[in-house]
4 protein chains.
Amino acid sequence: MHSADRARRHFSSDNWSGVHPEVLAALAAVNTGHVPSYGHDTYTAATIARLRDVFGDRAEIFLVFSGTGANVLGLQTLAMPFNTVICAETAHIYTSECGAPEKHVGCKLSPVPTRDGKIDPDGIAKHLHDFGNDHHVQPSAVSISQATEYGTVYSPDEIRVISAFAREHGLKVHMDGARLANAAAHLGVSLREISGDAGVDVLTFGGTKNGMIAGEAVVFFDAELARNFAYRRMQGMQLSSKMRFIAAQFDALLDNDLWLKSAAHSNRMAGILADGLRSIDGIQLTQKVQANEVFAILPREHIAALQEHAAFQVWTESISEARFVASFDTTEQDVRSFVESARATITGV
Amino acid sequence: MHSADRARRHFSSDNWSGVHPEVLAALAAVNTGHVPSYGHDTYTAATIARLRDVFGDRAEIFLVFSGTGANVLGLQTLAMPFNTVICAETAHIYTSECGAPEKHVGCKLSPVPTRDGKIDPDGIAKHLHDFGNDHHVQPSAVSISQATEYGTVYSPDEIRVISAFAREHGLKVHMDGARLANAAAHLGVSLREISGDAGVDVLTFGGTKNGMIAGEAVVFFDAELARNFAYRRMQGMQLSSKMRFIAAQFDALLDNDLWLKSAAHSNRMAGILADGLRSIDGIQLTQKVQANEVFAILPREHIAALQEHAAFQVWTESISEARFVASFDTTEQDVRSFVESARATITGV
Amino acid sequence: MHSADRARRHFSSDNWSGVHPEVLAALAAVNTGHVPSYGHDTYTAATIARLRDVFGDRAEIFLVFSGTGANVLGLQTLAMPFNTVICAETAHIYTSECGAPEKHVGCKLSPVPTRDGKIDPDGIAKHLHDFGNDHHVQPSAVSISQATEYGTVYSPDEIRVISAFAREHGLKVHMDGARLANAAAHLGVSLREISGDAGVDVLTFGGTKNGMIAGEAVVFFDAELARNFAYRRMQGMQLSSKMRFIAAQFDALLDNDLWLKSAAHSNRMAGILADGLRSIDGIQLTQKVQANEVFAILPREHIAALQEHAAFQVWTESISEARFVASFDTTEQDVRSFVESARATITGV
Amino acid sequence: MHSADRARRHFSSDNWSGVHPEVLAALAAVNTGHVPSYGHDTYTAATIARLRDVFGDRAEIFLVFSGTGANVLGLQTLAMPFNTVICAETAHIYTSECGAPEKHVGCKLSPVPTRDGKIDPDGIAKHLHDFGNDHHVQPSAVSISQATEYGTVYSPDEIRVISAFAREHGLKVHMDGARLANAAAHLGVSLREISGDAGVDVLTFGGTKNGMIAGEAVVFFDAELARNFAYRRMQGMQLSSKMRFIAAQFDALLDNDLWLKSAAHSNRMAGILADGLRSIDGIQLTQKVQANEVFAILPREHIAALQEHAAFQVWTESISEARFVASFDTTEQDVRSFVESARATITGV
């Protein structure tokens, strides 16, 4: 795929997509002269104010470069090295950040088995033991992904149950919301209803996968946790000197609910893709399709041919399970064309 | 200054400036569809190839988000936690990265006193003792800044002398080249002559301060040091998922030597500013003006008034020393207007 | 138990036992005047030479304070922060060191499910994927415990198979030998046959659990790995200033094979205990008894009463499984008295 | 010296000395059977209670293996990675712990120049700037050594002045009291008067240099700081499984004020040595002799010969300055014999 025609679209990842044109336009709009660096400018202040309108007046919000940066620095505020963070065994922080949480927080992560990327109090409870035993890492936080790495979505109630359970046991709640917009679009709720209002203490609010170049927000619903975050962000190599250009990208997302339109669109494309694939004999979907991802078992012998049509990832080699991700710019034509090609390839019809 | 009119330009920092229009244009040019993420795309490959033309075929080059990220991850390849990195006491890594090297490398930094931001073998040698003594951190690298934090520039010979001395004592050489372009422009040499060719092992090649939004390159002249850098970059939270947009910015800098034109321009603006300030009774320059920075002692009582005209940083409060930085977009009119205003304010003429 | 009569013996842990009288005598013997500190004395040199007789001329050997210290510092030589160390989910390094490996090495540990504390190539292989993928931690080492935390023992062949498999995949092998003496005594082989000769690269050779006050040896069979270990040990807070007193303890263990006699004795006591418990209706052993530990399911309602007789740990609360550990000073009378008491309590006979 | 007759005594370090016979006797006295491990035994509880009699009822006290361990783990409670700890440039934590504070705390240390090992508010104040600036490490603690690494001693007033100044600026106070006993003996005050009562928050109370095998106490005068210390100690590899044997050593030191007798004795020996050396033409003392150390410039050409008589360290090679340390077991005869030998060697008389 590396030599792929650059104008095509694929199903490999929402990271493969480019940038929404309105995001690019927003960059130009703030390119106006000199303003204070490192976020002390009025553009950034205005964006933070808008994000506070979204997440609540008492939220403390910081912009950073990347999702891993947001997750790791957020977790730093919830765990000391002798703590552990409980998360799904499929969590991005556990599987796909090259050990960044362990290195930067210095703590262990405790994985909870899951079939669909979601965890619940029963799974969390398995790690709730040996409190006060100095040989054992002490649980201090739960981290959940919304939407999950399997494209599934926690309902507001499910999050509230986890948060209440966590609180009861003295744990804080972190949410990796790299695809929070997709979850909100699926549920038809506000971003806040499935984060701060549902008991989340620290949120990674993703922008990159939803049409930005690079930029995420760390949102603290508990302001005390944010107290030293400015130092953590700088020391954590996540402080952009020309911050206004991250702020502007979020501005574009907030204008006219572009974040929601893009997320709803990619969800819809995933739905169409799911329906199409499901209708093909020999393909079996493995997860509910709630956000912008489709997981499906494909006939192993046809995978290479299908990837010629559009790139996608083989997720679980052993069972020939593939992952398809729709993006803000995926078109219905992209989807239908792929489905027809798959049908022809697999069924010979 | 935070409420400053956003269309004006100042002398606070080359981080206060915006983005070169050609950089913005380059972003749009690569926004063409889906391409592999995390740098596995052909845009990034092409940019790396062009950077190799600049730094040599054997250079291993990685793009990252920020200067601190580039410095810290570069230093990680040169020092274990029981080592020490010898640097100027004025080095950005020592004074201005909120302890990031100590946290991420885990090692000590050993500062060398300096009057002008430059160090030499005599200063380095003061830290070369107790080799083999397990109570003492073991020197493993020297880090120099080119141009320095005081706007001074090492000659190629000075760098070669440091590199040879370092090598003789088993040390590697790191260069913080956040303003390498300004140094090359001042010296009239290529970027390579004052980095790899002069004995530097790992270089931070800065883009942000020279008109990019955000992006730096870590350049390894010793490929062995780069062996695991892909993992370090990801774990170090410096891997951009949509890498093509950092690559494109470097592309813009390389096209028609924009990097050099911008750097030469800002150097020239600093020179004009220096000449102007020098000509004012009551102002005394404190450093040679070689790159794009001017350091000057100002009458303390006039500083606030001067900052009304254009923002600049008070660098050394105790002696009323200020720092002025010119950017790619600083105009001769900006400079002359400030000088005249300063003259009027200070001398009443 | 905290107020237990201090002259009694229990089955809680070989850490509950005191010190072998010959170890105390050895301390007095080296308390002779001033000698160089930090291990530069002739006592330490002589002990290291004797340990080399045991582990081979090419072994590099360092004395440290504690088992966790030995494990963590040994692992530091086998893993960078972006690596992962594969180990049993029951490994002491994974469950009982309060996250010390994660904090000090900075890396992830990847747990392998196990029923008896042992792992094999099939279990290890589950973590051998995504080599070269910069999002995934890179496996660099396997760590096994000999004897395991369940008192089971790897045969020399089993270790060789693991080592060969590890080597084939570019991994090094670490052994937590806190109870290596017990394993050797059980197998009737030398310490070396189940460590260096079986392909282990770095070994923690335990002294504390076998009758010493505090002291472990880190043994490198691959001298290159030991290159910077002196610095790691000091920086790792594991360098004893009055090293001769750790050396002397090992000397006592080596004299007349005290290490072997003590280990064989505690193994034998565990065997007698196992036979006794096995003979009681209502008690079910859950692991093979090969070293000095016995795991058994006890009637839950009798546990408190049994602990009155002699302390032991409840290992798995959910199934009422207890752990019994014999020490160098456990007597046959201790064991028989406990068994009879247990029989009477449980069966009423 | 490595092959020196082991029965002799030297002036190299109080680490070269052996163990006080009463300390060895105390080990035997607690070697009585099985007791709970990891400090949950009644021996340890009793020792902690006795140490509380010394340092105050509200002190939280933890026993660890080593001085570096005590310092580093104590500092962990006073600094986050984005903080800095201000200390003398001669401090053991800055010069002689192989970068352990930087690695384990993750923070920078900010050195204060000093001629005699002592610092004062003026020196500390130099590092008190850029509070709230996220590019700069934030000062959070001052660390002082009592007695200093130059054998000088802070008066209670001097410590109070530093503590008050620190408190005023939001900093906590750490004391490296590896030789606190010597300082107290010199001043004729209690250990508490120059630690908790003088405003120290966290103290390393040294045992090893005063006749123990290995053992230090971390004393928290601010109990809140101790809240998670049990985890830090275990994760920090400083938790002794057979803790009673560290406790017993402190017990021996507390019995009949052995700590004070030993410290006063070694101070007196240093005083006699100082008087003797001072009386020799060609020798010049460079520091006040207040604790158990003497610093003196010796004729360079005679150093090797003097070291034949008794070992000592060359401290500052460039000025031929040597350090002499007296121990609990140094005899007046040792001192007088060395002085006479030195006089004969140097003056030929």
# chains A, B, ... in the order shown; residues from 1 in each chain; ligands from 1
>>> interface_residues(of="chain C", to="chain A", cutoff="12 Å", atoms="only C-alpha atoms", output="PyMOL selection string")
chain C and resi 68+80-85+89+92-111+126-127+129-139+315-318
>>> select_by_dssp(residues="segment 35-238 of chain C", states="alpha helix (DSSP H)", output="ChimeraX atom specification")
/C:42-55,67-76,92-95,100-105,121-125,156-168,180-187,229-235
>>> calpha_fit_and_write(fixed="chain C", moving="chain B", output="short mmCIF file (atom, residue, chain, number, x, y, z; two decimals) with C-alpha atoms, in the first residue's frame")
data_model
loop_
_atom_site.label_atom_id
_atom_site.label_comp_id
_atom_site.auth_asym_id
_atom_site.auth_seq_id
_atom_site.Cartn_x
_atom_site.Cartn_y
_atom_site.Cartn_z
CA MET B 1 0.89 -13.48 64.51
CA HIS B 2 2.70 -10.21 65.07
CA SER B 3 2.86 -10.87 68.76
CA ALA B 4 3.92 -14.45 68.29
CA ASP B 5 6.34 -16.01 70.68
CA ARG B 6 9.61 -15.21 69.00
CA ALA B 7 11.24 -18.54 69.63
CA ARG B 8 8.76 -20.54 67.60
CA ARG B 9 8.98 -21.48 63.98
CA HIS B 10 6.24 -21.16 61.39
CA PHE B 11 5.42 -22.00 57.79
CA SER B 12 4.71 -18.48 56.61
CA SER B 13 7.85 -17.89 54.64
CA ASP B 14 11.53 -18.64 54.50
CA ASN B 15 11.78 -14.90 55.18
CA TRP B 16 10.32 -15.44 58.63
CA SER B 17 13.25 -17.57 59.64
CA GLY B 18 16.31 -16.09 61.23
CA VAL B 19 19.90 -16.51 60.25
CA HIS B 20 22.01 -19.63 60.22
CA PRO B 21 24.46 -19.53 63.15
CA GLU B 22 27.37 -20.09 60.78
CA VAL B 23 26.35 -16.96 58.92
CA LEU B 24 26.50 -14.94 62.12
CA ALA B 25 29.86 -16.46 62.94
CA ALA B 26 31.15 -15.46 59.53
CA LEU B 27 30.24 -11.84 60.17
CA ALA B 28 32.36 -11.81 63.29
CA ALA B 29 35.25 -13.41 61.45
CA VAL B 30 35.58 -10.55 58.96
CA ASN B 31 35.09 -7.82 61.56
CA THR B 32 38.79 -7.29 61.76
CA GLY B 33 39.71 -3.68 61.19
CA HIS B 34 39.50 -1.34 58.26
CA VAL B 35 39.27 -2.60 54.70
CA PRO B 36 38.36 -0.78 51.51
CA SER B 37 34.67 -0.07 51.21
CA TYR B 38 32.15 -0.70 48.45
CA GLY B 39 33.51 -4.13 47.63
CA HIS B 40 37.11 -3.18 46.92
CA ASP B 41 38.30 -5.36 49.80
CA THR B 42 40.03 -8.69 49.70
CA TYR B 43 37.21 -10.46 51.55
CA THR B 44 34.79 -9.63 48.78
CA ALA B 45 37.32 -10.50 46.12
CA ALA B 46 37.80 -13.90 47.68
CA THR B 47 34.07 -14.54 47.85
CA ILE B 48 33.57 -13.52 44.25
CA ALA B 49 36.36 -15.93 43.33
CA ARG B 50 34.60 -18.73 45.17
CA LEU B 51 31.31 -17.90 43.48
CA ARG B 52 33.15 -18.04 40.17
CA ASP B 53 34.22 -21.53 41.06
CA VAL B 54 30.54 -22.30 41.37
CA PHE B 55 29.20 -20.47 38.33
CA GLY B 56 32.16 -20.58 35.99
CA ASP B 57 35.30 -18.59 35.40
CA ARG B 58 33.70 -16.29 32.93
CA ALA B 59 30.79 -15.33 35.13
CA GLU B 60 30.69 -11.72 36.29
CA ILE B 61 29.26 -11.61 39.80
CA PHE B 62 27.98 -8.71 41.92
CA LEU B 63 26.62 -8.74 45.46
CA VAL B 64 23.52 -6.74 46.32
CA PHE B 65 21.16 -6.26 49.24
CA SER B 66 17.89 -7.78 48.14
CA GLY B 67 16.12 -10.11 45.76
CA THR B 68 14.03 -7.39 44.23
CA GLY B 69 17.19 -5.35 43.78
CA ALA B 70 18.93 -8.26 42.10
CA ASN B 71 16.00 -8.98 39.81
CA VAL B 72 15.38 -5.39 38.81
CA LEU B 73 19.02 -4.51 38.19
CA GLY B 74 19.54 -7.75 36.32
CA LEU B 75 16.54 -7.06 34.11
CA GLN B 76 17.84 -3.54 33.44
CA THR B 77 20.66 -5.14 31.49
CA LEU B 78 18.22 -7.10 29.33
CA ALA B 79 15.55 -4.59 28.48
CA MET B 80 15.24 -1.02 27.35
CA PRO B 81 12.03 0.85 28.20
CA PHE B 82 10.54 -0.01 24.79
CA ASN B 83 11.09 -3.72 25.38
CA THR B 84 9.00 -6.21 27.26
CA VAL B 85 10.06 -9.03 29.55
CA ILE B 86 7.97 -12.18 29.23
CA CYS B 87 7.33 -14.01 32.50
CA ALA B 88 4.85 -16.22 34.30
CA GLU B 89 1.79 -14.38 35.55
CA THR B 90 2.77 -15.76 38.94
CA ALA B 91 6.34 -14.45 38.79
CA HIS B 92 7.56 -12.54 41.82
CA ILE B 93 8.69 -9.75 39.50
CA TYR B 94 5.14 -9.51 38.13
CA THR B 95 3.08 -9.88 41.28
CA SER B 96 5.11 -9.06 44.34
CA GLU B 97 7.67 -6.34 43.76
CA CYS B 98 5.25 -3.41 43.87
CA GLY B 99 5.91 -2.56 40.25
CA ALA B 100 9.66 -2.17 40.76
CA PRO B 101 10.59 -3.60 37.33
CA GLU B 102 8.19 -1.26 35.56
CA LYS B 103 9.49 1.76 37.48
CA HIS B 104 13.20 1.01 37.31
CA VAL B 105 13.48 -0.62 33.91
CA GLY B 106 10.64 1.47 32.53
CA CYS B 107 9.38 -1.43 30.47
CA LYS B 108 6.28 -3.57 30.37
CA LEU B 109 6.15 -7.13 31.67
CA SER B 110 4.10 -9.56 29.59
CA PRO B 111 2.47 -12.27 31.69
CA VAL B 112 2.10 -15.89 30.58
CA PRO B 113 -0.73 -17.86 32.19
CA THR B 114 0.50 -20.83 34.19
CA ARG B 115 -0.98 -23.41 36.46
CA ASP B 116 2.18 -24.41 38.27
CA GLY B 117 4.40 -21.36 38.03
CA LYS B 118 6.31 -22.70 35.03
CA ILE B 119 6.18 -21.42 31.47
CA ASP B 120 7.19 -22.98 28.19
CA PRO B 121 7.82 -21.93 24.61
CA ASP B 122 4.13 -22.19 23.71
CA GLY B 123 3.24 -19.67 26.37
CA ILE B 124 6.14 -17.40 25.52
CA ALA B 125 5.30 -17.52 21.83
CA LYS B 126 1.95 -15.84 22.45
CA HIS B 127 3.88 -12.63 23.09
CA LEU B 128 6.20 -12.98 20.11
CA HIS B 129 4.53 -10.77 17.58
CA ASP B 130 4.78 -7.30 16.13
CA PHE B 131 8.55 -7.36 15.97
CA GLY B 132 9.55 -4.17 14.23
CA ASN B 133 6.17 -2.50 14.82
CA ASP B 134 6.96 0.70 16.64
CA HIS B 135 3.59 0.76 18.38
CA HIS B 136 4.33 -2.46 20.19
CA VAL B 137 6.78 -3.16 22.95
CA GLN B 138 9.54 -5.38 21.65
CA PRO B 139 10.18 -8.65 23.51
CA SER B 140 13.79 -8.76 24.62
CA ALA B 141 13.91 -11.25 27.47
CA VAL B 142 12.22 -14.14 29.20
CA SER B 143 12.32 -14.37 32.98
CA ILE B 144 11.74 -17.64 34.79
CA SER B 145 11.81 -18.48 38.50
CA GLN B 146 13.71 -21.49 39.77
CA ALA B 147 12.25 -22.86 41.98
CA THR B 148 8.97 -21.23 40.98
CA GLU B 149 6.68 -19.29 43.25
CA TYR B 150 4.62 -22.52 43.45
CA GLY B 151 7.52 -24.58 44.70
CA THR B 152 7.87 -26.41 41.42
CA VAL B 153 11.20 -26.94 39.71
CA TYR B 154 12.25 -26.71 36.07
CA SER B 155 14.38 -29.64 34.93
CA PRO B 156 17.66 -28.74 33.23
CA ASP B 157 16.07 -29.85 29.98
CA GLU B 158 13.08 -27.61 30.42
CA ILE B 159 15.37 -24.64 30.97
CA ARG B 160 17.48 -25.53 27.96
CA VAL B 161 14.37 -25.71 25.80
CA ILE B 162 13.27 -22.27 26.96
CA SER B 163 16.75 -20.81 26.49
CA ALA B 164 17.11 -22.22 23.02
CA PHE B 165 13.68 -20.95 22.06
CA ALA B 166 14.48 -17.54 23.50
CA ARG B 167 17.80 -17.34 21.71
CA GLU B 168 16.14 -18.32 18.45
CA HIS B 169 13.89 -15.29 18.78
CA GLY B 170 16.58 -12.90 19.89
CA LEU B 171 15.62 -12.93 23.56
CA LYS B 172 17.87 -13.19 26.59
CA VAL B 173 17.04 -15.33 29.62
CA HIS B 174 16.78 -14.08 33.20
CA MET B 175 16.35 -16.42 36.13
CA ASP B 176 14.96 -15.37 39.49
CA GLY B 177 16.84 -17.85 41.64
CA ALA B 178 15.72 -16.65 45.05
CA ARG B 179 15.32 -20.38 45.75
CA LEU B 180 17.85 -21.73 43.27
CA ALA B 181 19.47 -23.72 46.04
CA ASN B 182 16.23 -25.56 46.69
CA ALA B 183 15.88 -26.37 43.02
CA ALA B 184 19.43 -27.69 42.77
CA ALA B 185 18.93 -29.76 45.90
CA HIS B 186 15.75 -31.25 44.50
CA LEU B 187 17.33 -32.10 41.16
CA GLY B 188 20.62 -33.25 42.55
CA VAL B 189 22.53 -31.05 40.16
CA SER B 190 24.96 -28.18 40.56
CA LEU B 191 23.80 -24.57 40.66
CA ARG B 192 25.47 -24.03 37.35
CA GLU B 193 23.76 -26.87 35.53
CA ILE B 194 20.40 -25.17 35.95
CA SER B 195 21.59 -21.65 35.27
CA GLY B 196 24.53 -20.75 33.03
CA ASP B 197 24.95 -24.20 31.59
CA ALA B 198 21.29 -24.35 30.71
CA GLY B 199 21.42 -21.08 28.80
CA VAL B 200 20.55 -18.50 31.45
CA ASP B 201 22.16 -15.10 30.77
CA VAL B 202 21.52 -13.34 34.06
CA LEU B 203 20.77 -15.00 37.37
CA THR B 204 19.59 -13.77 40.73
CA PHE B 205 21.25 -16.19 43.15
CA GLY B 206 19.40 -15.92 46.41
CA GLY B 207 21.00 -16.01 49.81
CA THR B 208 18.45 -14.42 52.10
CA LYS B 209 15.81 -17.15 51.95
CA ASN B 210 18.48 -19.76 52.58
CA GLY B 211 19.77 -18.52 55.93
CA MET B 212 21.48 -15.22 55.27
CA ILE B 213 20.50 -11.88 56.81
CA ALA B 214 20.31 -10.04 53.53
CA GLY B 215 22.27 -10.60 50.38
CA GLU B 216 21.87 -11.81 46.84
CA ALA B 217 24.25 -12.22 43.95
CA VAL B 218 23.65 -11.09 40.40
CA VAL B 219 25.45 -13.54 38.14
CA PHE B 220 26.11 -12.66 34.51
CA PHE B 221 27.01 -15.60 32.33
CA ASP B 222 27.31 -13.19 29.44
CA ALA B 223 30.04 -10.83 30.58
CA GLU B 224 29.11 -8.16 28.06
CA LEU B 225 25.83 -7.64 29.91
CA ALA B 226 27.78 -6.84 33.06
CA ARG B 227 29.79 -4.06 31.48
CA ASN B 228 28.11 -1.16 33.26
CA PHE B 229 26.64 -3.06 36.15
CA ALA B 230 28.82 -1.39 38.77
CA TYR B 231 27.13 1.92 37.93
CA ARG B 232 23.68 0.35 37.82
CA ARG B 233 24.23 -1.18 41.26
CA MET B 234 25.30 2.09 42.84
CA GLN B 235 22.63 4.15 41.09
CA GLY B 236 20.19 1.36 41.91
CA MET B 237 20.84 1.83 45.64
CA GLN B 238 22.08 -1.74 46.00
CA LEU B 239 25.76 -1.13 46.71
CA SER B 240 26.70 -1.96 50.29
CA SER B 241 29.45 0.24 51.66
CA LYS B 242 30.64 -2.44 54.06
CA MET B 243 30.46 -5.13 51.42
CA ARG B 244 32.63 -7.61 53.27
CA PHE B 245 29.66 -8.40 55.48
CA ILE B 246 27.57 -9.57 52.53
CA ALA B 247 30.55 -11.45 51.17
CA ALA B 248 31.07 -13.18 54.50
CA GLN B 249 27.50 -14.42 54.49
CA PHE B 250 27.96 -16.03 51.09
CA ASP B 251 31.21 -17.46 52.33
CA ALA B 252 29.36 -19.18 55.13
CA LEU B 253 26.89 -20.60 52.63
CA LEU B 254 29.70 -21.95 50.48
CA ASP B 255 31.67 -23.46 53.36
CA ASN B 256 31.02 -27.18 53.52
CA ASP B 257 28.12 -26.75 51.13
CA LEU B 258 25.97 -25.17 53.79
CA TRP B 259 23.76 -23.76 51.02
CA LEU B 260 23.01 -27.30 49.85
CA LYS B 261 22.54 -28.79 53.27
CA SER B 262 20.13 -26.05 54.27
CA ALA B 263 18.20 -26.26 51.02
CA ALA B 264 18.03 -30.04 51.08
CA HIS B 265 16.85 -29.91 54.65
CA SER B 266 14.06 -27.46 53.98
CA ASN B 267 13.03 -29.46 50.92
CA ARG B 268 12.89 -32.58 53.04
CA MET B 269 10.79 -30.83 55.67
CA ALA B 270 8.39 -29.69 52.96
CA GLY B 271 8.18 -33.26 51.71
CA ILE B 272 7.31 -34.59 55.15
CA LEU B 273 4.75 -31.84 55.59
CA ALA B 274 3.25 -32.66 52.21
CA ASP B 275 2.98 -36.33 53.04
CA GLY B 276 1.37 -35.50 56.34
CA LEU B 277 -1.16 -33.06 54.95
CA ARG B 278 -1.97 -35.34 52.05
CA SER B 279 -2.90 -38.04 54.48
CA ILE B 280 -5.56 -35.89 56.10
CA ASP B 281 -9.08 -36.15 54.79
CA GLY B 282 -10.26 -32.75 53.68
CA ILE B 283 -6.87 -31.48 52.61
CA GLN B 284 -5.91 -31.52 48.96
CA LEU B 285 -2.47 -30.61 47.67
CA THR B 286 -2.54 -28.38 44.60
CA GLN B 287 1.05 -28.44 43.39
CA LYS B 288 3.87 -30.93 43.13
CA VAL B 289 6.14 -30.55 46.13
CA GLN B 290 9.64 -30.29 44.71
CA ALA B 291 11.33 -27.52 46.63
CA ASN B 292 10.50 -26.18 50.09
CA GLU B 293 6.89 -25.17 49.57
CA VAL B 294 3.58 -26.95 49.93
CA PHE B 295 0.33 -25.64 48.50
CA ALA B 296 -2.88 -27.17 49.76
CA ILE B 297 -6.60 -26.53 49.90
CA LEU B 298 -7.75 -26.58 53.50
CA PRO B 299 -11.21 -26.60 54.96
CA ARG B 300 -11.93 -22.91 55.19
CA GLU B 301 -13.53 -23.15 58.62
CA HIS B 302 -10.41 -24.63 60.18
CA ILE B 303 -7.83 -22.20 58.84
CA ALA B 304 -7.88 -19.81 61.76
CA ALA B 305 -7.43 -22.64 64.22
CA LEU B 306 -4.55 -24.11 62.26
CA GLN B 307 -2.84 -20.72 62.10
CA GLU B 308 -2.92 -20.65 65.88
CA HIS B 309 -0.63 -23.64 65.86
CA ALA B 310 1.79 -22.26 63.32
CA ALA B 311 1.48 -19.34 60.97
CA PHE B 312 1.07 -19.86 57.22
CA GLN B 313 -0.25 -17.77 54.36
CA VAL B 314 -3.63 -18.09 52.72
CA TRP B 315 -2.53 -17.98 49.10
CA THR B 316 -5.75 -18.09 47.11
CA GLU B 317 -8.59 -16.91 49.24
CA SER B 318 -11.27 -17.92 46.77
CA ILE B 319 -10.42 -21.62 46.89
CA SER B 320 -9.08 -21.68 50.43
CA GLU B 321 -5.61 -22.58 49.22
CA ALA B 322 -2.76 -22.14 51.67
CA ARG B 323 1.00 -21.97 51.24
CA PHE B 324 3.45 -23.62 53.66
CA VAL B 325 7.17 -22.90 53.44
CA ALA B 326 9.90 -24.82 55.22
CA SER B 327 13.16 -23.14 56.22
CA PHE B 328 16.69 -24.20 57.01
CA ASP B 329 15.74 -24.30 60.68
CA THR B 330 12.40 -26.06 60.40
CA THR B 331 12.54 -29.24 62.47
CA GLU B 332 10.90 -32.55 61.83
CA GLN B 333 9.18 -32.04 65.16
CA ASP B 334 7.75 -28.72 63.92
CA VAL B 335 6.31 -30.51 60.94
CA ARG B 336 4.94 -33.57 62.66
CA SER B 337 3.44 -31.52 65.43
CA PHE B 338 1.66 -29.31 62.92
CA VAL B 339 0.38 -32.25 60.92
CA GLU B 340 -1.01 -33.95 63.99
CA SER B 341 -2.62 -30.76 65.14
CA ALA B 342 -4.15 -30.29 61.70
CA ARG B 343 -5.41 -33.85 61.62
CA ALA B 344 -6.98 -33.44 65.02
CA THR B 345 -8.53 -30.11 64.15
CA ILE B 346 -9.92 -31.20 60.84
CA THR B 347 -10.88 -34.79 61.34
CA GLY B 348 -11.50 -34.59 65.04
CA VAL B 349 -9.22 -37.59 65.52
#
>>> select_by_dssp(residues="segment 258-329 of chain A", states="strand (DSSP E or B)", output="list in words")
Gln284, Leu285, Glu293, Val294, Phe295, Ala296, Ile297, Gln313, Val314, Trp315, Thr316, Glu321, Ala322, Arg323, Phe324 and Val325 of chain A
